[in-house]
>>> print(open('coords.cif').read())   # mmCIF, C-alpha atoms
data_input
loop_
_atom_site.group_PDB
_atom_site.id
_atom_site.type_symbol
_atom_site.label_atom_id
_atom_site.label_comp_id
_atom_site.auth_asym_id
_atom_site.auth_seq_id
_atom_site.Cartn_x
_atom_site.Cartn_y
_atom_site.Cartn_z
ATOM 1 C CA LYS A 665 5.731 -22.326 -1.861
ATOM 2 C CA GLY A 666 7.679 -22.385 -5.114
ATOM 3 C CA GLU A 667 4.709 -23.818 -7.015
ATOM 4 C CA LEU A 668 2.436 -21.081 -5.650
ATOM 5 C CA LEU A 669 4.822 -18.326 -6.751
ATOM 6 C CA THR A 670 5.199 -19.953 -10.170
ATOM 7 C CA TRP A 671 1.428 -20.028 -10.541
ATOM 8 C CA LEU A 672 1.052 -16.410 -9.377
ATOM 9 C CA ASN A 673 3.833 -15.112 -11.637
ATOM 10 C CA GLY A 674 2.419 -17.012 -14.608
ATOM 11 C CA LEU A 675 -1.123 -15.776 -14.052
ATOM 12 C CA LEU A 676 -0.271 -12.119 -13.407
ATOM 13 C CA SER A 677 2.957 -11.781 -15.451
ATOM 14 C CA LEU A 678 4.967 -10.838 -12.364
ATOM 15 C CA ASP A 679 8.479 -11.660 -11.220
ATOM 16 C CA TYR A 680 8.004 -12.344 -7.517
ATOM 17 C CA SER A 681 10.746 -14.391 -5.859
ATOM 18 C CA LYS A 682 9.243 -14.675 -2.368
ATOM 19 C CA VAL A 683 5.767 -14.707 -0.918
ATOM 20 C CA GLU A 684 6.441 -11.648 1.243
ATOM 21 C CA GLN A 685 6.278 -9.504 -1.910
ATOM 22 C CA CYS A 686 2.502 -10.023 -1.863
ATOM 23 C CA ALA A 687 2.259 -8.068 1.401
ATOM 24 C CA ASN A 688 0.672 -4.947 -0.097
ATOM 25 C CA GLY A 689 -2.289 -7.025 -1.322
ATOM 26 C CA ALA A 690 -2.197 -5.844 -4.948
ATOM 27 C CA ALA A 691 -1.459 -9.303 -6.387
ATOM 28 C CA TYR A 692 -4.288 -10.828 -4.341
ATOM 29 C CA CYS A 693 -6.655 -8.229 -5.735
ATOM 30 C CA GLN A 694 -5.656 -8.938 -9.323
ATOM 31 C CA VAL A 695 -6.265 -12.681 -8.853
ATOM 32 C CA LEU A 696 -9.840 -11.706 -7.972
ATOM 33 C CA ASP A 697 -9.907 -9.559 -11.109
ATOM 34 C CA ALA A 698 -8.880 -12.629 -13.105
ATOM 35 C CA LEU A 699 -11.961 -14.428 -11.743
ATOM 36 C CA TYR A 700 -14.346 -11.446 -11.972
ATOM 37 C CA PRO A 701 -12.899 -9.115 -14.651
ATOM 38 C CA GLU A 702 -16.183 -7.288 -15.189
ATOM 39 C CA GLU A 703 -16.901 -6.765 -11.493
ATOM 40 C CA PHE A 704 -13.660 -6.203 -9.571
ATOM 41 C CA PRO A 705 -12.513 -2.517 -9.425
ATOM 42 C CA LEU A 706 -8.924 -3.126 -10.552
ATOM 43 C CA GLN A 707 -8.376 0.582 -11.318
ATOM 44 C CA ARG A 708 -8.547 1.354 -7.587
ATOM 45 C CA ILE A 709 -5.675 -0.882 -6.443
ATOM 46 C CA SER A 710 -2.019 0.115 -6.215
ATOM 47 C CA TYR A 711 0.970 -2.147 -6.870
ATOM 48 C CA LEU A 712 3.246 0.689 -5.730
ATOM 49 C CA ALA A 713 1.940 0.663 -2.141
ATOM 50 C CA LYS A 714 4.780 0.137 0.323
ATOM 51 C CA ALA A 715 3.760 1.604 3.697
ATOM 52 C CA GLU A 716 0.977 0.010 5.727
ATOM 53 C CA HIS A 717 -1.338 3.007 5.395
ATOM 54 C CA GLU A 718 -0.984 2.677 1.607
ATOM 55 C CA SER A 719 -1.460 -1.112 1.521
ATOM 56 C CA ILE A 720 -4.583 -1.046 3.722
ATOM 57 C CA LYS A 721 -6.508 0.483 0.809
ATOM 58 C CA ASN A 722 -5.941 -2.658 -1.290
ATOM 59 C CA TYR A 723 -7.114 -4.879 1.561
ATOM 60 C CA LYS A 724 -10.212 -2.752 2.147
ATOM 61 C CA ILE A 725 -11.136 -3.050 -1.531
ATOM 62 C CA MET A 726 -10.649 -6.815 -1.351
ATOM 63 C CA GLN A 727 -12.685 -7.206 1.853
ATOM 64 C CA GLN A 728 -15.458 -5.029 0.473
ATOM 65 C CA PHE A 729 -15.561 -7.219 -2.642
ATOM 66 C CA PHE A 730 -15.680 -10.325 -0.430
ATOM 67 C CA THR A 731 -18.719 -8.862 1.317
ATOM 68 C CA VAL A 732 -20.468 -8.096 -1.973
ATOM 69 C CA LYS A 733 -19.819 -11.588 -3.359
ATOM 70 C CA GLY A 734 -20.633 -13.347 -0.066
ATOM 71 C CA ILE A 735 -17.114 -14.803 0.268
ATOM 72 C CA SER A 736 -16.194 -15.721 3.840
ATOM 73 C CA LYS A 737 -12.436 -15.733 4.414
ATOM 74 C CA PRO A 738 -10.997 -14.362 7.689
ATOM 75 C CA MET A 739 -7.503 -12.924 7.363
ATOM 76 C CA ASP A 740 -5.042 -11.186 9.643
ATOM 77 C CA VAL A 741 -4.523 -8.067 7.544
ATOM 78 C CA GLU A 742 -2.057 -6.475 9.950
ATOM 79 C CA ARG A 743 0.317 -9.468 9.886
ATOM 80 C CA MET A 744 -0.029 -9.834 6.118
ATOM 81 C CA MET A 745 0.806 -6.160 5.533
ATOM 82 C CA LYS A 746 3.933 -6.560 7.678
ATOM 83 C CA GLY A 747 5.104 -9.260 5.252
ATOM 84 C CA ARG A 748 4.783 -12.236 7.609
ATOM 85 C CA PRO A 749 5.599 -15.256 5.400
ATOM 86 C CA ILE A 750 3.280 -17.733 7.139
ATOM 87 C CA ASP A 751 0.197 -15.498 6.931
ATOM 88 C CA ASN A 752 0.803 -14.550 3.301
ATOM 89 C CA LEU A 753 1.562 -18.146 2.342
ATOM 90 C CA GLU A 754 -1.626 -19.402 4.015
ATOM 91 C CA PHE A 755 -3.760 -16.817 2.223
ATOM 92 C CA LEU A 756 -2.052 -17.498 -1.113
ATOM 93 C CA GLN A 757 -2.770 -21.222 -0.698
ATOM 94 C CA TRP A 758 -6.434 -20.470 -0.028
ATOM 95 C CA LEU A 759 -6.576 -18.052 -2.978
ATOM 96 C CA LYS A 760 -5.076 -20.687 -5.300
ATOM 97 C CA GLY A 761 -7.729 -23.205 -4.243
ATOM 98 C CA PHE A 762 -10.476 -20.604 -4.605
ATOM 99 C CA TYR A 763 -9.207 -19.719 -8.078
ATOM 100 C CA ASP A 764 -9.073 -23.346 -9.217
ATOM 101 C CA GLU A 765 -12.624 -23.861 -7.984
ATOM 102 C CA HIS A 766 -14.158 -20.800 -9.685
ATOM 103 C CA VAL A 767 -12.000 -20.213 -12.785
ATOM 104 C CA ARG A 768 -14.072 -20.054 -15.968
ATOM 105 C CA GLY A 769 -11.369 -21.280 -18.325
ATOM 106 C CA SER A 770 -11.003 -18.051 -20.333
ATOM 107 C CA GLU A 771 -7.512 -16.669 -20.981
ATOM 108 C CA TYR A 772 -6.490 -13.744 -18.777
ATOM 109 C CA ASP A 773 -4.062 -11.074 -20.028
ATOM 110 C CA ALA A 774 -2.797 -9.534 -16.800
ATOM 111 C CA VAL A 775 -0.572 -6.932 -18.465
ATOM 112 C CA ALA A 776 -3.364 -5.704 -20.735
ATOM 113 C CA ARG A 777 -5.774 -5.526 -17.803
ATOM 114 C CA ARG A 778 -3.331 -3.432 -15.760
ATOM 115 C CA LYS A 779 -2.697 -1.150 -18.718
ATOM 116 C CA HIS A 780 -6.409 -0.711 -19.358
ATOM 117 C CA ALA A 781 -7.048 0.059 -15.666
ATOM 118 C CA GLY A 782 -4.089 2.456 -15.450
ATOM 119 C CA VAL A 783 -2.311 0.310 -12.845
ATOM 120 C CA ARG A 784 1.494 0.442 -12.839
ATOM 121 C CA VAL A 785 3.759 -2.256 -11.434
ATOM 122 C CA GLY A 786 6.924 -0.923 -9.860
ATOM 123 C CA VAL A 787 10.251 -1.568 -11.546
ATOM 124 C CA SER A 788 12.290 -1.245 -8.383
ATOM 125 C CA GLY A 789 12.161 -2.363 -4.786
ATOM 126 C CA SER A 790 10.453 -5.602 -3.867
ATOM 127 C CA LEU A 791 7.957 -5.845 -6.736
ATOM 128 C CA VAL A 792 10.077 -6.662 -9.765
ATOM 129 C CA SER A 793 13.587 -8.097 -9.648
ATOM 130 C CA ARG A 794 16.407 -6.058 -11.098
ATOM 131 C CA THR A 795 18.499 -9.133 -11.962
ATOM 132 C CA PRO A 796 19.534 -8.947 -15.642
ATOM 133 C CA LYS A 797 18.326 -11.660 -17.968
ATOM 134 C CA LYS A 798 20.596 -14.550 -18.779
ATOM 135 C CA GLY A 799 22.885 -13.773 -21.680
ATOM 136 C CA SER A 800 22.577 -10.013 -21.358
ATOM 137 C CA THR A 801 25.663 -7.933 -20.580
ATOM 138 C CA PRO A 802 25.584 -4.780 -18.500
ATOM 139 C CA SER A 803 26.185 -1.593 -20.366
ATOM 140 C CA ARG A 804 29.515 0.065 -19.835
ATOM 141 C CA PRO A 805 30.156 3.807 -19.737
ATOM 142 C CA HIS A 806 31.676 5.350 -22.833
ATOM 143 C CA TYR A 807 34.611 7.653 -22.427
ATOM 144 C CA ALA A 808 35.602 10.416 -24.825
ATOM 145 C CA PRO A 809 38.859 9.896 -26.731
ATOM 146 C CA THR A 810 41.921 11.400 -25.104
ATOM 147 C CA THR A 811 43.744 12.334 -28.299
ATOM 148 C CA GLY A 812 45.414 15.666 -27.824
ATOM 149 C CA ALA A 813 44.470 15.858 -24.140
ATOM 150 C CA THR A 814 48.130 15.902 -23.082
ATOM 151 C CA SER A 815 49.024 18.754 -25.354
ATOM 152 C CA ARG A 816 45.982 20.750 -24.262
ATOM 153 C CA ALA A 817 46.743 20.153 -20.600
ATOM 154 C CA SER A 818 50.363 21.182 -21.021
ATOM 155 C CA SER A 819 49.298 24.498 -22.549
ATOM 156 C CA VAL A 820 47.392 25.515 -19.408
ATOM 157 C CA GLU A 821 49.495 27.731 -17.209
ATOM 158 C CA SER A 822 49.513 26.812 -13.513
ATOM 159 C CA PRO A 823 51.463 28.398 -10.691
ATOM 160 C CA PHE A 824 52.148 24.922 -9.297
ATOM 161 C CA LEU A 825 53.622 23.556 -12.529
ATOM 162 C CA SER A 826 55.354 26.599 -13.964
ATOM 163 C CA PRO A 827 58.982 27.182 -13.005
ATOM 164 C CA GLY A 828 58.323 30.801 -12.097
ATOM 165 C CA PRO A 829 57.704 32.043 -8.550
ATOM 166 C CA ARG A 830 54.297 31.420 -6.978
ATOM 167 C CA ASN A 831 53.554 35.089 -6.444
ATOM 168 C CA SER A 832 53.597 35.596 -10.192
ATOM 169 C CA CYS A 833 50.187 33.957 -10.683
ATOM 170 C CA THR A 834 47.253 36.215 -11.373
ATOM 171 C CA PRO A 835 43.913 35.868 -9.560
ATOM 172 C CA ALA A 836 41.115 34.100 -11.431
ATOM 173 C CA THR A 837 38.558 36.329 -13.055
ATOM 174 C CA ILE A 838 34.851 35.529 -13.142
ATOM 175 C CA THR A 839 33.492 35.515 -16.670
ATOM 176 C CA PRO A 840 29.824 36.068 -17.495
ATOM 177 C CA GLY A 841 27.764 32.894 -17.154
ATOM 178 C CA MET A 842 29.844 31.416 -14.307
ATOM 179 C CA ARG A 843 28.069 30.709 -11.000
ATOM 180 C CA THR A 844 29.324 32.724 -8.095
ATOM 181 C CA PRO A 845 29.731 30.839 -4.825
ATOM 182 C CA GLU A 846 26.807 31.307 -2.457
ATOM 183 C CA PRO A 847 27.590 32.941 0.872
ATOM 184 C CA ALA A 848 27.860 30.580 3.812
ATOM 185 C CA LEU A 849 25.032 30.527 6.342
ATOM 186 C CA SER A 850 25.645 32.094 9.690
ATOM 187 C CA HIS A 851 25.591 30.018 12.866
ATOM 188 C CA GLN A 852 22.315 31.649 13.869
ATOM 189 C CA GLN A 853 20.648 30.698 10.576
ATOM 190 C CA VAL A 854 21.857 27.108 10.808
ATOM 191 C CA GLN A 855 20.506 26.815 14.343
ATOM 192 C CA GLN A 856 17.186 28.301 13.252
ATOM 193 C CA TYR A 857 16.828 25.737 10.448
ATOM 194 C CA ARG A 858 17.712 22.929 12.839
ATOM 195 C CA ASN A 859 15.026 24.057 15.265
ATOM 196 C CA GLU A 860 12.459 24.176 12.464
ATOM 197 C CA ILE A 861 13.408 20.663 11.313
ATOM 198 C CA GLU A 862 13.155 19.290 14.841
ATOM 199 C CA ALA A 863 9.725 20.900 15.267
ATOM 200 C CA LEU A 864 8.512 19.383 11.992
ATOM 201 C CA GLN A 865 9.870 15.958 12.953
ATOM 202 C CA HIS A 866 8.071 16.167 16.289
ATOM 203 C CA THR A 867 4.836 17.105 14.513
ATOM 204 C CA VAL A 868 5.190 14.141 12.148
ATOM 205 C CA GLN A 869 5.763 11.766 15.071
ATOM 206 C CA GLU A 870 2.669 13.026 16.868
ATOM 207 C CA LEU A 871 0.570 12.685 13.720
ATOM 208 C CA GLU A 872 1.829 9.139 13.192
ATOM 209 C CA LYS A 873 0.929 8.229 16.779
ATOM 210 C CA GLU A 874 -2.547 9.679 16.324
ATOM 211 C CA ARG A 875 -2.960 7.861 13.001
ATOM 212 C CA ASP A 876 -1.908 4.519 14.538
ATOM 213 C CA PHE A 877 -4.253 5.064 17.489
ATOM 214 C CA TYR A 878 -7.337 5.644 15.352
ATOM 215 C CA TYR A 879 -6.323 2.914 12.925
ATOM 216 C CA GLY A 880 -6.226 0.474 15.847
ATOM 217 C CA LYS A 881 -9.699 1.564 16.926
ATOM 218 C CA LEU A 882 -11.096 1.117 13.414
ATOM 219 C CA ARG A 883 -9.414 -2.253 13.106
ATOM 220 C CA SER A 884 -11.029 -3.420 16.371
ATOM 221 C CA VAL A 885 -14.459 -2.293 15.166
ATOM 222 C CA GLU A 886 -13.879 -4.061 11.853
ATOM 223 C CA LEU A 887 -12.945 -7.361 13.533
ATOM 224 C CA LEU A 888 -15.955 -7.084 15.846
ATOM 225 C CA CYS A 889 -18.322 -6.570 12.905
ATOM 226 C CA GLN A 890 -16.794 -9.458 10.974
ATOM 227 C CA SER A 891 -17.044 -11.843 13.925
ATOM 228 C CA THR A 892 -20.656 -10.730 14.473
ATOM 229 C CA GLU A 893 -21.557 -11.520 10.862
ATOM 230 C CA GLU A 894 -20.197 -15.052 11.297
ATOM 231 C CA ASN A 895 -22.352 -15.686 14.376
ATOM 232 C CA PRO A 896 -25.627 -17.395 13.341
ATOM 233 C CA ASP A 897 -27.362 -16.475 16.621
ATOM 234 C CA VAL A 898 -27.082 -12.707 16.126
ATOM 235 C CA PRO A 899 -30.413 -10.908 15.421
ATOM 236 C CA GLU A 900 -31.020 -9.630 11.918
ATOM 237 C CA GLY A 901 -31.040 -6.012 13.073
ATOM 238 C CA VAL A 902 -27.530 -6.338 14.501
ATOM 239 C CA LEU A 903 -26.261 -7.948 11.281
ATOM 240 C CA THR A 904 -27.741 -5.142 9.207
ATOM 241 C CA PHE A 905 -26.152 -2.540 11.450
ATOM 242 C CA CYS A 906 -22.721 -4.234 11.169
ATOM 243 C CA LYS A 907 -22.949 -4.395 7.382
ATOM 244 C CA SER A 908 -23.876 -0.711 7.216
ATOM 245 C CA LEU A 909 -20.990 0.162 9.514
ATOM 246 C CA LEU A 910 -18.535 -1.763 7.314
ATOM 247 C CA GLU A 911 -19.871 0.067 4.254
ATOM 248 C CA ILE A 912 -19.067 3.381 5.921
ATOM 249 C CA MET A 913 -15.568 2.184 6.893
ATOM 250 C CA TYR A 914 -14.829 0.975 3.360
ATOM 251 C CA ALA A 915 -16.099 4.166 1.691
ATOM 252 C CA GLU A 916 -13.488 5.714 -0.592
ATOM 253 C CA GLY A 917 -14.615 9.356 -0.825
ATOM 254 C CA PRO A 918 -16.555 11.909 1.227
ATOM 255 C CA GLU A 919 -19.592 11.433 -0.999
ATOM 256 C CA ASP A 920 -19.766 7.797 0.182
ATOM 257 C CA ASP A 921 -19.590 8.636 3.884
ATOM 258 C CA GLN A 922 -23.331 9.246 4.258
ATOM 259 C CA LEU A 923 -25.211 6.731 6.346
ATOM 260 C CA PRO A 924 -26.562 4.145 3.875
ATOM 261 C CA SER A 925 -30.258 3.316 3.848
ATOM 262 C CA LEU A 926 -31.333 -0.247 4.428
ATOM 263 C CA ALA A 927 -33.785 -2.250 2.383
ATOM 264 C CA GLY A 928 -37.200 -0.711 2.954
ATOM 265 C CA GLY A 929 -35.831 2.796 3.476
ATOM 266 C CA GLN A 930 -34.890 2.407 7.151
ATOM 267 C CA PRO A 931 -31.807 4.501 8.016
ATOM 268 C CA ALA A 932 -28.760 2.604 9.297
ATOM 269 C CA GLN A 933 -28.658 4.738 12.444
ATOM 270 C CA GLN A 934 -32.207 3.706 13.347
ATOM 271 C CA ALA A 935 -31.277 0.097 12.633
ATOM 272 C CA GLY A 936 -28.353 0.406 15.023
ATOM 273 C CA ASP A 937 -30.629 1.751 17.761
ATOM 274 C CA ASP A 938 -33.083 -1.108 17.192
ATOM 275 C CA ALA A 939 -30.213 -3.586 17.330
ATOM 276 C CA LEU A 940 -29.041 -2.237 20.687
ATOM 277 C CA VAL A 941 -32.569 -2.465 22.074
ATOM 278 C CA THR A 942 -32.821 -6.059 20.875
ATOM 279 C CA GLU A 943 -29.495 -6.955 22.509
ATOM 280 C CA ARG A 944 -30.586 -5.436 25.834
ATOM 281 C CA LYS A 945 -33.844 -7.397 25.739
ATOM 282 C CA LEU A 946 -31.936 -10.609 25.105
ATOM 283 C CA ALA A 947 -29.421 -9.855 27.829
ATOM 284 C CA SER A 948 -32.049 -9.055 30.538
ATOM 285 C CA PRO A 949 -34.711 -11.818 30.874
ATOM 286 C CA GLU A 950 -38.275 -10.700 31.465
ATOM 287 C CA PRO A 951 -39.598 -11.166 35.010
ATOM 288 C CA SER A 952 -41.760 -14.251 35.332
ATOM 289 C CA SER A 953 -45.394 -13.684 36.291
ATOM 290 C CA HIS A 954 -46.853 -15.793 39.111
#
>>> encode(input="coords.cif", output="C-alpha cells")
Amino acid sequence: KGELLTWLNGLLSLDYSKVEQCANGAAYCQVLDALYPEEFPLQRISYLAKAEHESIKNYKIMQQFFTVKGISKPMDVERMMKGRPIDNLEFLQWLKGFYDEHVRGSEYDAVARRKHAGVRVGVSGSLVSRTPKKGSTPSRPHYAPTTGATSRASSVESPFLSPGPRNSCTPATITPGMRTPEPALSHQQVQQYRNEIEALQHTVQELEKERDFYYGKLRSVELLCQSTEENPDVPEGVLTFCKSLLEIMYAEGPEDDQLPSLAGGQPAQQAGDDALVTERKLASPEPSSH
C-alpha cells in the first residue's frame, strides 16, 4: 500500500497519505493521461469532486475511455466512490500493473499537464495535506505597539470609572458614517423564515431521493450492458445495442444525447429492436416438423 501511494504521488506530483483519497477517481484518470497524453480528455476531469454525484463524472470519463481503447476492467464504482479502502487498493494495484505494462518511457510532467488542461488540485480537505514542511515555522500574528495606550485609555471618560455620579453621563451620539443597529425581527417574521427553510429542506430531500432512485436505475442498466459485452455468446446485434446505450449514458452534453448511428447507417433504435427479436427467437425454439 505504501509503495503504491509513493508511486502515485511521484508520478502525479500529489501528496496523498491514504488510498481512500483516490475515491473521486481523478488520480486514476490522470494515470491514464500519463499513458495516453494525446488521447485522454484530462480537461474534463475534476480533482475537486467530493460528493458522489460529482465523482461519478470522472468514473464515466474513465469507463468511456476504457470502451474506446478496448480495455476490460470491471470495477465497483459505487464502493470506490464511497472511499472503501479494499476496492480502491485493488484498482490501484491493477492500474500500477497496467501502467508498467504500457508505459512508453517518456517523462511525464503531471503539474504542467494539469495546468495546460485547466485542472486544479484542491489545497484543502482530503486531496493535499496541510501539514507544514519540516523546518518551517508557523507564522505568528503581529500586534501593534502599545506605547501610549495607557495614557490614551485614561483620557477616555467613562461613567463606570469616573468618581462622579452615574446619572452624570451623557447619552452616546451617533456620528455620520456609523452603522445604526438593525431592528429586531418580529416573532411572526422569524416563524415565516423558519417555515420557508423547512419547506426548502423538504424539497431538497425529495430531489435527492429522486436523484438516487434514477441513479440506481442507470447504474443497473450500465452493469447489465457491461456484463452483456463480456458474454461471448451474445448476438452481435445485442452487443451493438449495448454499446450504443452506453454511449448515450456517457454523453456529456445535450448535443451528444442523440441516438448514435451504427456502422452502415443503421440507427441504434432499430438495432435494439433487431436485438430483441433475435433474443426472442433464441429463447423460443422453433417447432419441429414431422
>>> closest_residue(input="coords.cif", among="A:Gly666, A:Gly769, A:Gly761, A:Pro738", to="Tyr680 of chain A", atoms="only C-alpha atoms")
A:Gly666
>>> resolve_selection(input="coords.cif", expression="the PyMOL selection byres ((chain A and resi 705) around 10)", output="PyMOL selection string")
chain A and resi 693-694+696-697+700-704+706-709+725-726+729+781
>>> atom_distance(input="coords.cif", atom1="atom CA of Lys746 of chain A", atom2="atom CA of Arg883 of chain A")
15.0 Å
>>> closest_residue(input="coords.cif", among="A:Leu672, A:Lys721, A:Val767, A:Ala713", to="Met913 of chain A", atoms="all atoms listed in the file")
A:Lys721
>>> residues_around(input="coords.cif", residues="Ala715 of chain A", least_positions_apart="6", cutoff="12 Å", atoms="all atoms listed in the file", output="ChimeraX atom specification")
/A:687-689,721-722,742,745-747
>>> residues_around(input="coords.cif", residues="Pro749 of chain A", least_positions_apart="4", cutoff="7 Å", atoms="only C-alpha atoms", output="ChimeraX atom specification")
/A:683-684,753
>>> resolve_selection(input="coords.cif", expression="the PyMOL selection byres ((chain A and resi 671) around 12)", output="list in words")
Lys665, Gly666, Glu667, Leu668, Leu669, Thr670, Leu672, Asn673, Gly674, Leu675, Leu676, Ser677, Leu678, Asp679, Tyr680, Ser681, Val683, Ala691, Val695, Leu756, Gln757, Leu759, Lys760, Gly761, Tyr763 and Asp764 of chain A
>>> atom_distance(input="coords.cif", atom1="atom CA of Leu909 of chain A", atom2="atom CA of Val885 of chain A")
9.0 Å
>>> atom_distance(input="coords.cif", atom1="atom CA of Glu716 of chain A", atom2="atom CA of Glu886 of chain A")
16.6 Å
>>> closest_residue(input="coords.cif", among="A:Asp740, A:Gln869, A:Glu862, A:Val785", to="Glu754 of chain A", atoms="all atoms listed in the file")
A:Asp740
>>> resolve_selection(input="coords.cif", expression="the PyMOL selection byres ((chain A and resi 887-900) around 9)", output="number ranges by chain")
A: 736, 738, 882-886, 901-907, 909-910, 939, 942-943
>>> write_last_selection(input="coords.cif", atoms="C-alpha atoms", output="PDB file, in the frame of the given file")
ATOM      1  CA  SER A 736     -16.194 -15.721   3.840  1.00  0.00           C
ATOM      2  CA  PRO A 738     -10.997 -14.362   7.689  1.00  0.00           C
ATOM      3  CA  LEU A 882     -11.096   1.117  13.414  1.00  0.00           C
ATOM      4  CA  ARG A 883      -9.414  -2.253  13.106  1.00  0.00           C
ATOM      5  CA  SER A 884     -11.029  -3.420  16.371  1.00  0.00           C
ATOM      6  CA  VAL A 885     -14.459  -2.293  15.166  1.00  0.00           C
ATOM      7  CA  GLU A 886     -13.879  -4.061  11.853  1.00  0.00           C
ATOM      8  CA  GLY A 901     -31.040  -6.012  13.073  1.00  0.00           C
ATOM      9  CA  VAL A 902     -27.530  -6.338  14.501  1.00  0.00           C
ATOM     10  CA  LEU A 903     -26.261  -7.948  11.281  1.00  0.00           C
ATOM     11  CA  THR A 904     -27.741  -5.142   9.207  1.00  0.00           C
ATOM     12  CA  PHE A 905     -26.152  -2.540  11.450  1.00  0.00           C
ATOM     13  CA  CYS A 906     -22.721  -4.234  11.169  1.00  0.00           C
ATOM     14  CA  LYS A 907     -22.949  -4.395   7.382  1.00  0.00           C
ATOM     15  CA  LEU A 909     -20.990   0.162   9.514  1.00  0.00           C
ATOM     16  CA  LEU A 910     -18.535  -1.763   7.314  1.00  0.00           C
ATOM     17  CA  ALA A 939     -30.213  -3.586  17.330  1.00  0.00           C
ATOM     18  CA  THR A 942     -32.821  -6.059  20.875  1.00  0.00           C
ATOM     19  CA  GLU A 943     -29.495  -6.955  22.509  1.00  0.00           C
TER      20      GLU A 943
END
>>> closest_residue(input="coords.cif", among="A:Ala698, A:Tyr711, A:Gln728, A:Trp758", to="Ile912 of chain A", atoms="all atoms listed in the file")
A:Gln728
